file work.txt (compact mmCIF, C-alpha atoms)
# COMPACT_ATOMS: atom_id res chain seq x y z
CA MET O 1 11.96 -9.91 -37.48
CA ALA O 2 12.41 -8.00 -34.23
CA SER O 3 11.90 -9.89 -30.99
CA GLU O 4 9.75 -8.58 -28.16
CA HIS O 5 12.83 -7.56 -26.18
CA ASP O 6 14.50 -5.49 -28.95
CA GLU O 7 13.96 -1.76 -28.43
CA GLY O 8 10.23 -2.23 -28.86
CA LYS O 9 7.18 -1.99 -26.73
CA VAL O 10 4.68 -4.82 -26.86
CA PRO O 11 1.11 -3.53 -27.14
CA ALA O 12 -1.94 -5.47 -25.94
CA ASP O 13 -2.33 -7.31 -29.26
CA GLY O 14 1.18 -8.80 -28.90
CA ALA O 15 2.75 -7.25 -32.02
CA ALA O 16 6.14 -5.60 -31.46
CA VAL O 17 6.32 -1.87 -32.22
CA PRO O 18 9.86 -0.58 -32.83
CA GLN O 19 10.83 2.56 -30.93
CA ASP O 20 11.51 4.52 -34.14
CA ALA O 21 8.17 3.59 -35.74
CA PRO O 22 5.74 6.45 -36.41
CA GLY O 23 3.26 6.83 -33.58
CA ALA O 24 5.45 5.02 -31.06
CA PRO O 25 5.67 6.81 -27.69
CA GLU O 26 8.96 8.51 -26.85
CA GLN O 27 10.76 6.85 -23.93
CA ASP O 28 14.05 7.57 -22.32
CA PRO O 29 16.59 4.72 -22.45
CA LYS O 30 16.35 3.98 -18.72
CA THR O 31 12.59 3.49 -18.88
CA ALA O 32 12.84 1.36 -22.02
CA THR O 33 15.48 -0.83 -20.35
CA ALA O 34 13.37 -1.19 -17.20
CA ILE O 35 10.29 -2.14 -19.26
CA ALA O 36 12.30 -4.73 -21.15
CA ALA O 37 13.58 -6.17 -17.86
CA ALA O 38 10.03 -6.30 -16.44
CA GLU O 39 8.75 -8.08 -19.53
CA ALA O 40 11.63 -10.56 -19.39
CA ALA O 41 10.80 -11.27 -15.73
CA GLY O 42 7.10 -11.60 -16.54
CA PRO O 43 5.34 -14.84 -17.39
CA GLN O 44 5.74 -16.42 -20.80
CA SER O 45 2.78 -16.61 -23.15
CA GLY O 46 -0.07 -18.66 -21.72
CA GLU O 47 1.19 -18.42 -18.12
CA SER O 48 -0.47 -16.43 -15.38
CA VAL O 49 0.52 -14.58 -12.21
CA ARG O 50 -0.81 -14.91 -8.64
CA VAL O 51 -3.03 -11.99 -7.63
CA ASP O 52 -1.14 -11.32 -4.37
CA SER O 53 2.15 -11.24 -6.26
CA TRP O 54 0.80 -8.92 -8.96
CA ILE O 55 -0.73 -6.32 -6.62
CA TRP O 56 2.62 -6.22 -4.82
CA ALA O 57 4.64 -6.01 -8.06
CA VAL O 58 2.62 -3.05 -9.38
CA ARG O 59 2.90 -1.27 -6.01
CA LEU O 60 -0.75 -1.31 -4.97
CA ILE O 61 0.36 -2.89 -1.67
CA LYS O 62 3.65 -2.56 0.24
CA THR O 63 4.47 -6.24 0.81
CA ARG O 64 3.40 -9.51 -0.73
CA SER O 65 2.35 -10.87 2.64
CA LEU O 66 0.01 -7.86 3.06
CA GLY O 67 -1.40 -8.72 -0.37
CA ALA O 68 -2.05 -12.30 0.70
CA THR O 69 -3.65 -11.09 3.94
CA ALA O 70 -5.88 -8.67 2.00
CA CYS O 71 -6.99 -11.54 -0.27
CA ARG O 72 -7.75 -13.81 2.68
CA GLY O 73 -9.69 -11.00 4.37
CA GLY O 74 -11.92 -10.48 1.34
CA HIS O 75 -10.47 -7.06 0.43
CA VAL O 76 -9.43 -8.13 -3.09
CA ARG O 77 -11.97 -8.90 -5.79
CA VAL O 78 -11.26 -9.94 -9.36
CA ASN O 79 -14.11 -9.44 -11.82
CA GLY O 80 -16.48 -9.03 -8.86
CA ASP O 81 -15.54 -12.26 -7.04
CA ARG O 82 -13.55 -12.55 -3.82
CA VAL O 83 -10.32 -14.38 -4.52
CA LYS O 84 -7.67 -16.33 -2.67
CA PRO O 85 -4.00 -15.21 -2.87
CA ALA O 86 -3.14 -17.93 -5.41
CA TYR O 87 -5.83 -16.85 -7.91
CA SER O 88 -4.36 -16.61 -11.43
CA LEU O 89 -4.70 -13.20 -13.05
CA ARG O 90 -5.02 -12.65 -16.79
CA VAL O 91 -4.71 -9.54 -18.92
CA GLY O 92 -8.03 -7.68 -18.95
CA ASP O 93 -9.15 -8.71 -15.44
CA GLU O 94 -10.63 -6.02 -13.20
CA VAL O 95 -9.02 -5.96 -9.75
CA ARG O 96 -10.74 -4.13 -6.86
CA LEU O 97 -8.63 -3.60 -3.76
CA ARG O 98 -10.06 -2.07 -0.58
CA GLN O 99 -7.47 -0.56 1.73
CA GLU O 100 -7.39 2.29 4.23
CA GLY O 101 -11.00 3.27 3.60
CA ARG O 102 -10.46 3.64 -0.14
CA GLU O 103 -11.21 1.33 -3.04
CA ARG O 104 -8.73 1.00 -5.91
CA VAL O 105 -10.16 -0.26 -9.20
CA VAL O 106 -7.59 -1.29 -11.80
CA ILE O 107 -7.66 -3.26 -15.03
CA VAL O 108 -4.71 -5.55 -15.69
CA LYS O 109 -2.80 -4.41 -18.76
CA ARG O 110 0.43 -6.37 -18.33
CA LEU O 111 1.39 -9.29 -16.08
CA ILE O 112 4.62 -9.00 -14.10
CA ARG O 113 6.05 -11.05 -11.25
CA LYS O 114 8.89 -8.89 -10.00
CA ARG O 115 8.47 -5.51 -8.30
CA VAL O 116 9.45 -2.66 -10.60
CA GLY O 117 9.75 1.10 -10.33
CA ALA O 118 6.64 3.23 -10.00
CA PRO O 119 6.65 4.64 -13.58
CA ILE O 120 6.86 1.14 -15.06
CA ALA O 121 4.36 -0.29 -12.57
CA ALA O 122 1.83 2.37 -13.62
CA GLN O 123 2.06 1.09 -17.21
CA CYS O 124 0.95 -2.39 -16.09
CA TYR O 125 -2.60 -1.35 -15.24
CA ILE O 126 -5.34 1.13 -16.09
CA ASP O 127 -6.48 2.96 -12.96
CA ASN O 128 -10.27 3.44 -12.85
CA SER O 129 -10.35 4.30 -9.14
CA PRO O 130 -12.61 7.07 -7.91
CA PRO O 131 -10.68 10.13 -6.73
CA PRO O 132 -9.58 9.99 -3.10
CA PRO O 133 -11.82 11.81 -0.64
CA PRO O 134 -10.67 15.34 0.22
CA ARG O 135 -8.59 15.62 3.33
CA GLU O 136 -10.30 17.21 6.26
CA ALA O 137 -9.11 20.67 7.12
CA VAL O 138 -7.66 20.33 10.58
CA ALA O 139 -6.58 23.37 12.51
CA PRO O 140 -2.92 23.04 13.41
CA ALA O 141 -2.28 22.30 17.04
CA GLY O 142 -1.04 25.31 18.94
CA ILE O 143 2.59 25.76 18.08
CA ARG O 144 4.55 26.71 21.15
CA ASP O 145 8.00 28.13 21.39
CA ARG O 146 10.69 25.62 22.21
CA GLY O 147 11.40 25.57 25.92
CA ALA O 148 8.13 27.31 26.86
CA GLY O 149 7.16 24.43 29.14
CA ARG O 150 3.74 22.90 29.63
CA PRO O 151 0.70 24.92 28.60
CA THR O 152 -1.15 26.62 31.40
CA LYS O 153 -4.85 26.08 32.02
CA ARG O 154 -5.55 29.31 30.17
CA ASP O 155 -3.38 28.23 27.20
CA ARG O 156 -5.18 24.88 27.05
CA ARG O 157 -8.59 26.57 27.03
CA GLU O 158 -7.48 28.88 24.19
CA MET O 159 -6.22 25.92 22.18
CA ASP O 160 -9.51 24.06 22.76
CA ARG O 161 -11.43 27.14 21.64
CA LEU O 162 -9.33 27.45 18.46
CA ARG O 163 -9.87 23.79 17.62
CA GLY O 164 -13.61 24.07 18.22
CA LEU O 165 -13.49 21.77 21.20
CA GLU O 166 -15.32 24.12 23.56
CA SER O 167 -18.04 21.53 24.17
CA LEU O 168 -15.39 19.05 25.29
CA ALA O 169 -13.91 21.64 27.61
CA ARG O 170 -17.35 22.28 29.13
CA ALA O 171 -17.93 18.55 29.58
CA ARG O 172 -14.53 18.26 31.21
CA LYS O 173 -15.38 21.14 33.56
CA ASP O 174 -18.77 19.59 34.41
CA ALA O 175 -17.09 16.26 35.18
CA GLU O 176 -14.64 17.99 37.53
CA THR O 177 -17.39 19.78 39.50
CA ARG O 178 -19.58 16.69 40.02
CA PRO O 179 -19.33 15.07 43.46
call {"tool": "encode", "arguments": {"input": "work.txt", "output": "structure tokens"}}
result
Amino acid sequence: MASEHDEGKVPADGAAVPQDAPGAPEQDPKTATAIAAAEAAGPQSGESVRVDSWIWAVRLIKTRSLGATACRGGHVRVNGDRVKPAYSLRVGDEVRLRQEGRERVVIVKRLIRKRVGAPIAAQCYIDNSPPPPPREAVAPAGIRDRGAGRPTKRDRREMDRLRGLESLARARKDAETRP
């Protein structure tokens, strides 16, 4: 009988699938080794992982302390409820994380405690997040030649006009002429 850590990937039902079995996904040796290490570092059967630790380990947040702060601030919800940093996650939980004006919605697929590489971290959850909003098209600021000095009043007005800031320029001019 093959153990969970022998060249196999453990699917959601817990049965080990050998790498050479038909229908098994092809993985390079480095990825397979990293997955095995992540599973070894993960909780044993029946154990759980703190939510702040998990969102850090799967790279949804940069540091664990930021994860704890997000939980305390009400930016992390598990199955619709606000949670504290020590909340115990289980496989199948839906985690909603609000950060930087965007909401990430993920479903826990695998519990890990240690931070792993991005390709392996992506295998630990199913991302159901809405697509990020399109970036606003911003006209590039006037690029000046190096050593050209400060822009003149005329240059500044041209840059304002290119950026569509004519109304600001008019307001600025009105403010200068008022007594």
call {"tool": "atom_distance", "arguments": {"input": "work.txt", "atom1": "CA of Pro131 in chain O", "atom2": "CA of Gly92 in chain O"}}
result
21.8 Å
call {"tool": "closest_residue", "arguments": {"input": "work.txt", "among": "O:Asn79, O:Ser53, O:Ser65, O:Thr33", "to": "Gly117 in chain O", "atoms": "all atoms listed in the file"}}
result
O:Thr33
call {"tool": "closest_residue", "arguments": {"input": "work.txt", "among": "O:Thr177, O:Ser88, O:Asn128, O:Thr152", "to": "Trp54 in chain O", "atoms": "all atoms listed in the file"}}
result
O:Ser88
call {"tool": "axis_aligned_box", "arguments": {"input": "work.txt", "around": "range 97-114 of chain O", "padding_each_side": "6 Å", "output": "AutoDock Vina command-line options"}}
result
--center_x -1.2 --center_y -3.7 --center_z -7.3 --size_x 32.1 --size_y 26.7 --size_z 35.0
call {"tool": "closest_residue", "arguments": {"input": "work.txt", "among": "O:Arg102, O:Lys30, O:Arg154, O:Arg110", "to": "Pro134 in chain O", "atoms": "all atoms listed in the file"}}
result
O:Arg102
call {"tool": "atom_distance", "arguments": {"input": "work.txt", "atom1": "CA of Ala34 in chain O", "atom2": "CA of Arg64 in chain O"}}
result
21.0 Å
